[in-house]
Amino acid sequence: MTSSALRQLEARIHADYRARTQASATLFRRAASVLPGGVSGNLRYFKPYPLYMRSGAGAISVDIDANDYVDCFLCNGPLLLGHRPPELAAALASADQVGSLVLNPVVLVDCAERLCALVPCAERVRFLNSGTEAVLTAVRYARAYTGRSKIIKFFGHYHGQDDQFLVGSGPQRQALGCGVPEAAYAQTITVPFNDVDALDRATGQGEDIAAVVLDPAMHSGGLWGTSQAYLEAVRELTTRKKIVLIFDEVITGFRLSVGGAQQMYGVTPDLATFGKALGAGERLAAVAGRADIMSVVDPAAGDPARRAFQSGTGNDTTRGLAAGAAALAAYEQRALDGEYDRLNGDAANLATGLMASFASAGIPCHVNQLASMLQLFLTARKPGFIAYSGLDQTVLDLYYLALLTRGVMLSLPTSNHVYLSFAHSDADFTKILAASDDVLSSYPFADAYSELTDQEIAHV
C-alpha cells in the first residue's frame, strides 16, 4: 500500500517536473500514439512521462524545453567520451565521404587492428551491430568449436535480448518478462556467481557444456563485481574441462580499463564481447578471441565440420567502424595520460558524497561503485545481491526524478544505472552533490522512506 507521505512526495515532484518539461509532455502524447509507451526501449520510459532530448555535448544533454542536464545516464553507458566527443569528429566526417555501406571498407581493418592491440584475448575479431548479437554469436562460436550444446550463465547477469539469456536476471530462475518460452532457455544452466564450488558442480565433467558466459561487473544484478581470485578459479576450471570461457564486456569493455575487465583483473578469457563504449554512440559491437575458436567462421581456414554461420548486412557500417577506431585511439591515449585513474577516483568521491547526502537527510544509502559506474540502494541492510534484489525502488526513482528538476540526470527513474564519462568535470560533480542535498531537504523524502520501511517491517 502506498503511504500518504509517498503520495505527497510523488505529487510534489511530479508537479515540479511537469512545470519544467511541458514540451516533453506534449511530445509524449504524440509519441504514445505511435510508440508503445512513447519510447523505443523500456528503460527510456518513466512516470509521469519521459524526457525527450534535443542535443548533447560533452557531459551535458539538453531537452526539448531547452533545459540543460549534467548527464550521468549517457544513454545507458556507451558515451564514455561524452556526447559528440571531438576525438570522433574527423573520423565521422571522413566516413560520411565514403558512404554508409561499402564492401569491406579499409576502416574495418583499422578498427580490428586497434581492438586486437588493446584487448588481451583478441587474436581475431568479428564486428556486429549490438551487444545482443555479439553474445549470441560468441555462444554460437563456442558451440561450433566444442560440439556441445549447453551454456552456463549466472544469476544477476544480463546478456542481451536473446531468449536463451533472458532467465535468472534476479536470484531465481525466472524468465525476464513474458514471451520467453521455457524451451528457449532449456540449454541454459543458471548458477550463483562468485561461488566456485557451485560452478564446479554445475559443469560436472564438462562433456556437455560449451561455454561459461559472465559479466565481470555483475551490472544487472546491482554492480557487485567480482575478484581476481574468483576469475582465476573460473579460468582454471574451464580450461581443465575444455569449456570456452566468455567474458561479456559489452558494459565493462574499455570502461574498467583500456583493455577491459580482463586487463584489470589479469584474467584472459577465450572469447569476449564488446559494445556500448566500443562505438562511442554509433552502432557497433564485436566478438573477439582466440584464433582457433574464431576460425569456425573463417571460410578459408579451420575445420569445415565445425563451420558456423555469421553474417549481417550492417555489420561493417563505415560510421560505426570509424567511430570505433577513433574511440579506441582516444581510450588508449586517456590511459597513457592517467585519465582512467582520475575518473575512477572521481566516481569513488561521488559515491562517498552521495552516501553523505542521504545520511544528512536521515536515509541510509549504500552505493556500489566499480570504476566509473555506480548504483544506489536505499537500505540499512547488509550489502548483498540477494538481500538487495527485492528492495522497493519507489523512493529512489522519485529521487532521480527530483534531480531532473534541478538539472541533473544522475540516472533515469526505473534504471539506477549511473555512468561517468571523461567529459565530466569537478564542476559537474559539485552540481550533482548540491542538487542531491537540495532535493533531499526540499521534499519529504525522509518521511516517505520511513513510512515505506515501517510498512515493509509490518508486512514481514
# chains A, B, ... in the order shown; residues from 1 in each chain; ligands from 1

$ residues_around --residues "Ala175 (chain A)" --least-positions-apart "5" --cutoff "9 Å" --atoms "only C-alpha atoms" --output "ChimeraX atom specification"
/A:163,165-169,180-182,185

$ closest_atom_pairs --of "region 178-259 of chain A" --to "region 393-417 of chain A" --cutoff "10 Å" --atoms "only C-alpha atoms" --output "Markdown table"
| residue | atom | partner | partner_atom | distance |
| --- | --- | --- | --- | --- |
| A:His219 | CA | A:His417 | CA | 8.6 |
| A:Ser220 | CA | A:His417 | CA | 8.9 |
| A:Gly222 | CA | A:Asn416 | CA | 8.9 |
| A:Leu223 | CA | A:His417 | CA | 9.1 |

$ residues_around --residues "Leu433 (chain A)" --least-positions-apart "4" --cutoff "9 Å" --atoms "only C-alpha atoms" --output "list in words"
Leu350, Gly353, Leu354, Ser357, Asp428, Phe429, Asp437 and Asp438 of chain A

$ write_last_selection --atoms "N, CA and C atoms" --output "mmCIF file, in the first residue's frame"
data_model
loop_
_atom_site.group_PDB
_atom_site.id
_atom_site.type_symbol
_atom_site.label_atom_id
_atom_site.label_comp_id
_atom_site.auth_asym_id
_atom_site.auth_seq_id
_atom_site.Cartn_x
_atom_site.Cartn_y
_atom_site.Cartn_z
ATOM 1 N N LEU A 350 32.346 10.646 -5.690
ATOM 2 C CA LEU A 350 30.919 10.903 -5.877
ATOM 3 C C LEU A 350 30.097 9.920 -5.044
ATOM 4 N N GLY A 353 30.171 11.091 -1.525
ATOM 5 C CA GLY A 353 29.363 12.291 -1.376
ATOM 6 C C GLY A 353 27.876 12.008 -1.389
ATOM 7 N N LEU A 354 27.437 11.083 -2.234
ATOM 8 C CA LEU A 354 26.017 10.746 -2.294
ATOM 9 C C LEU A 354 25.561 10.054 -1.013
ATOM 10 N N SER A 357 25.145 12.674 1.523
ATOM 11 C CA SER A 357 23.957 13.478 1.265
ATOM 12 C C SER A 357 22.710 12.799 1.833
ATOM 13 N N ASP A 428 30.841 19.663 -12.498
ATOM 14 C CA ASP A 428 29.678 18.775 -12.658
ATOM 15 C C ASP A 428 29.405 18.006 -11.372
ATOM 16 N N PHE A 429 30.451 17.499 -10.756
ATOM 17 C CA PHE A 429 30.267 16.721 -9.532
ATOM 18 C C PHE A 429 29.783 17.613 -8.393
ATOM 19 N N ASP A 437 21.671 17.351 -2.207
ATOM 20 C CA ASP A 437 21.347 17.962 -0.915
ATOM 21 C C ASP A 437 20.065 18.777 -1.002
ATOM 22 N N ASP A 438 19.893 19.483 -2.114
ATOM 23 C CA ASP A 438 18.733 20.351 -2.291
ATOM 24 C C ASP A 438 17.439 19.549 -2.321
#

$ residues_around --residues "Thr268 (chain A)" --least-positions-apart "4" --cutoff "12 Å" --atoms "only C-alpha atoms" --output "number ranges by chain"
A: 119-123, 216, 228, 231-236, 238-239, 244-247, 259-264, 272, 288-290

$ atom_distance --atom1 "CA of Ala211 (chain A)" --atom2 "CA of Ser389 (chain A)"
26.3 Å

$ residues_around --residues "Tyr331 (chain A)" --least-positions-apart "6" --cutoff "10 Å" --atoms "only C-alpha atoms" --output "list in words"
Leu80, Leu81, Leu118, Phe254, Arg255, Ser257, Val258, Gly259, Ala277, Leu278, Asp337, Glu339, Tyr340 and Phe422 of chain A

$ write_last_selection --atoms "C-alpha atoms" --output "compact mmCIF listing (two decimals), in the first residue's frame"
# COMPACT_ATOMS: atom_id res chain seq x y z
CA LEU A 80 32.41 7.13 -22.11
CA LEU A 81 33.87 10.06 -24.06
CA LEU A 118 44.31 -3.32 -26.77
CA PHE A 254 37.11 -0.03 -22.34
CA ARG A 255 35.37 1.30 -19.21
CA SER A 257 40.36 -0.16 -18.15
CA VAL A 258 41.53 0.38 -21.70
CA GLY A 259 41.78 -3.40 -22.06
CA ALA A 277 31.82 2.19 -25.38
CA LEU A 278 33.27 0.46 -28.46
CA ASP A 337 47.53 10.23 -19.59
CA GLU A 339 42.70 9.69 -17.05
CA TYR A 340 41.25 6.31 -16.07
CA PHE A 422 35.85 11.54 -19.36

$ atom_distance --atom1 "CA of Phe127 (chain A)" --atom2 "CA of Asp110 (chain A)"
12.3 Å

$ select_by_dssp --residues "region 244-386 of chain A" --states "helix (DSSP H, G or I)" --output "count of residues only"
62

$ atom_distance --atom1 "CA of Pro85 (chain A)" --atom2 "CA of Val125 (chain A)"
25.1 Å

$ residues_around --residues "region 48-52 of chain A" --least-positions-apart "6" --cutoff "7 Å" --atoms "only C-alpha atoms" --output "PyMOL selection string"
chain A and resi 14+24-25+28+63-64

$ write_last_selection --atoms "N, CA and C atoms" --output "PDB file, in the first residue's frame"
ATOM      1  N   HIS A  14       6.221  15.361  -9.165  1.00  0.00           N
ATOM      2  CA  HIS A  14       5.578  15.321 -10.481  1.00  0.00           C
ATOM      3  C   HIS A  14       5.141  16.716 -10.919  1.00  0.00           C
ATOM      4  N   SER A  24       8.068  18.249 -23.458  1.00  0.00           N
ATOM      5  CA  SER A  24       8.145  16.790 -23.406  1.00  0.00           C
ATOM      6  C   SER A  24       6.773  16.180 -23.179  1.00  0.00           C
ATOM      7  N   ALA A  25       5.959  16.815 -22.334  1.00  0.00           N
ATOM      8  CA  ALA A  25       4.597  16.312 -22.103  1.00  0.00           C
ATOM      9  C   ALA A  25       3.801  16.306 -23.396  1.00  0.00           C
ATOM     10  N   PHE A  28       5.146  13.614 -25.707  1.00  0.00           N
ATOM     11  CA  PHE A  28       4.788  12.286 -25.212  1.00  0.00           C
ATOM     12  C   PHE A  28       3.404  11.881 -25.696  1.00  0.00           C
ATOM     13  N   ASP A  63      17.169  19.056 -23.166  1.00  0.00           N
ATOM     14  CA  ASP A  63      15.865  18.540 -23.569  1.00  0.00           C
ATOM     15  C   ASP A  63      15.156  19.537 -24.494  1.00  0.00           C
ATOM     16  N   ILE A  64      13.976  19.146 -24.979  1.00  0.00           N
ATOM     17  CA  ILE A  64      13.297  19.976 -25.968  1.00  0.00           C
ATOM     18  C   ILE A  64      12.643  21.207 -25.348  1.00  0.00           C
TER      19      ILE A  64
END

$ residues_around --residues "His83 (chain A)" --least-positions-apart "4" --cutoff "6 Å" --atoms "only C-alpha atoms" --output "ChimeraX atom specification"
/A:56-58

$ closest_residue --among "A:Ser360, A:Thr273, A:Thr430, A:Ser40" --to "Leu136 (chain A)" --atoms "only C-alpha atoms"
A:Thr273

$ closest_residue --among "A:Ser227, A:Thr146, A:Gly320, A:Phe154" --to "Ile243 (chain A)" --atoms "only C-alpha atoms"
A:Thr146

$ closest_atom_pairs --of "region 234-283 of chain A" --to "region 307-319 of chain A" --cutoff "10 Å" --atoms "only C-alpha atoms" --output "JSON lines"
{"residue": "A:Gly279", "atom": "CA", "partner": "A:Arg319", "partner_atom": "CA", "distance": 9.0}
{"residue": "A:Glu282", "atom": "CA", "partner": "A:Arg319", "partner_atom": "CA", "distance": 7.0}
{"residue": "A:Arg283", "atom": "CA", "partner": "A:Arg319", "partner_atom": "CA", "distance": 8.0}

$ write_last_selection --atoms "C-alpha atoms" --output "compact mmCIF listing (two decimals), in the first residue's frame"
# COMPACT_ATOMS: atom_id res chain seq x y z
CA GLY A 279 31.07 2.53 -30.77
CA GLU A 282 27.48 4.76 -33.02
CA ARG A 283 26.15 1.30 -33.78

$ select_by_dssp --residues "region 47-113 of chain A" --states "strand (DSSP E)" --output "list in words"
Met53, Arg54, Ser55, Gly56, Ala57, Ile60, Ser61, Val62, Asp63, Asp68, Tyr69, Val70 and Asp71 of chain A
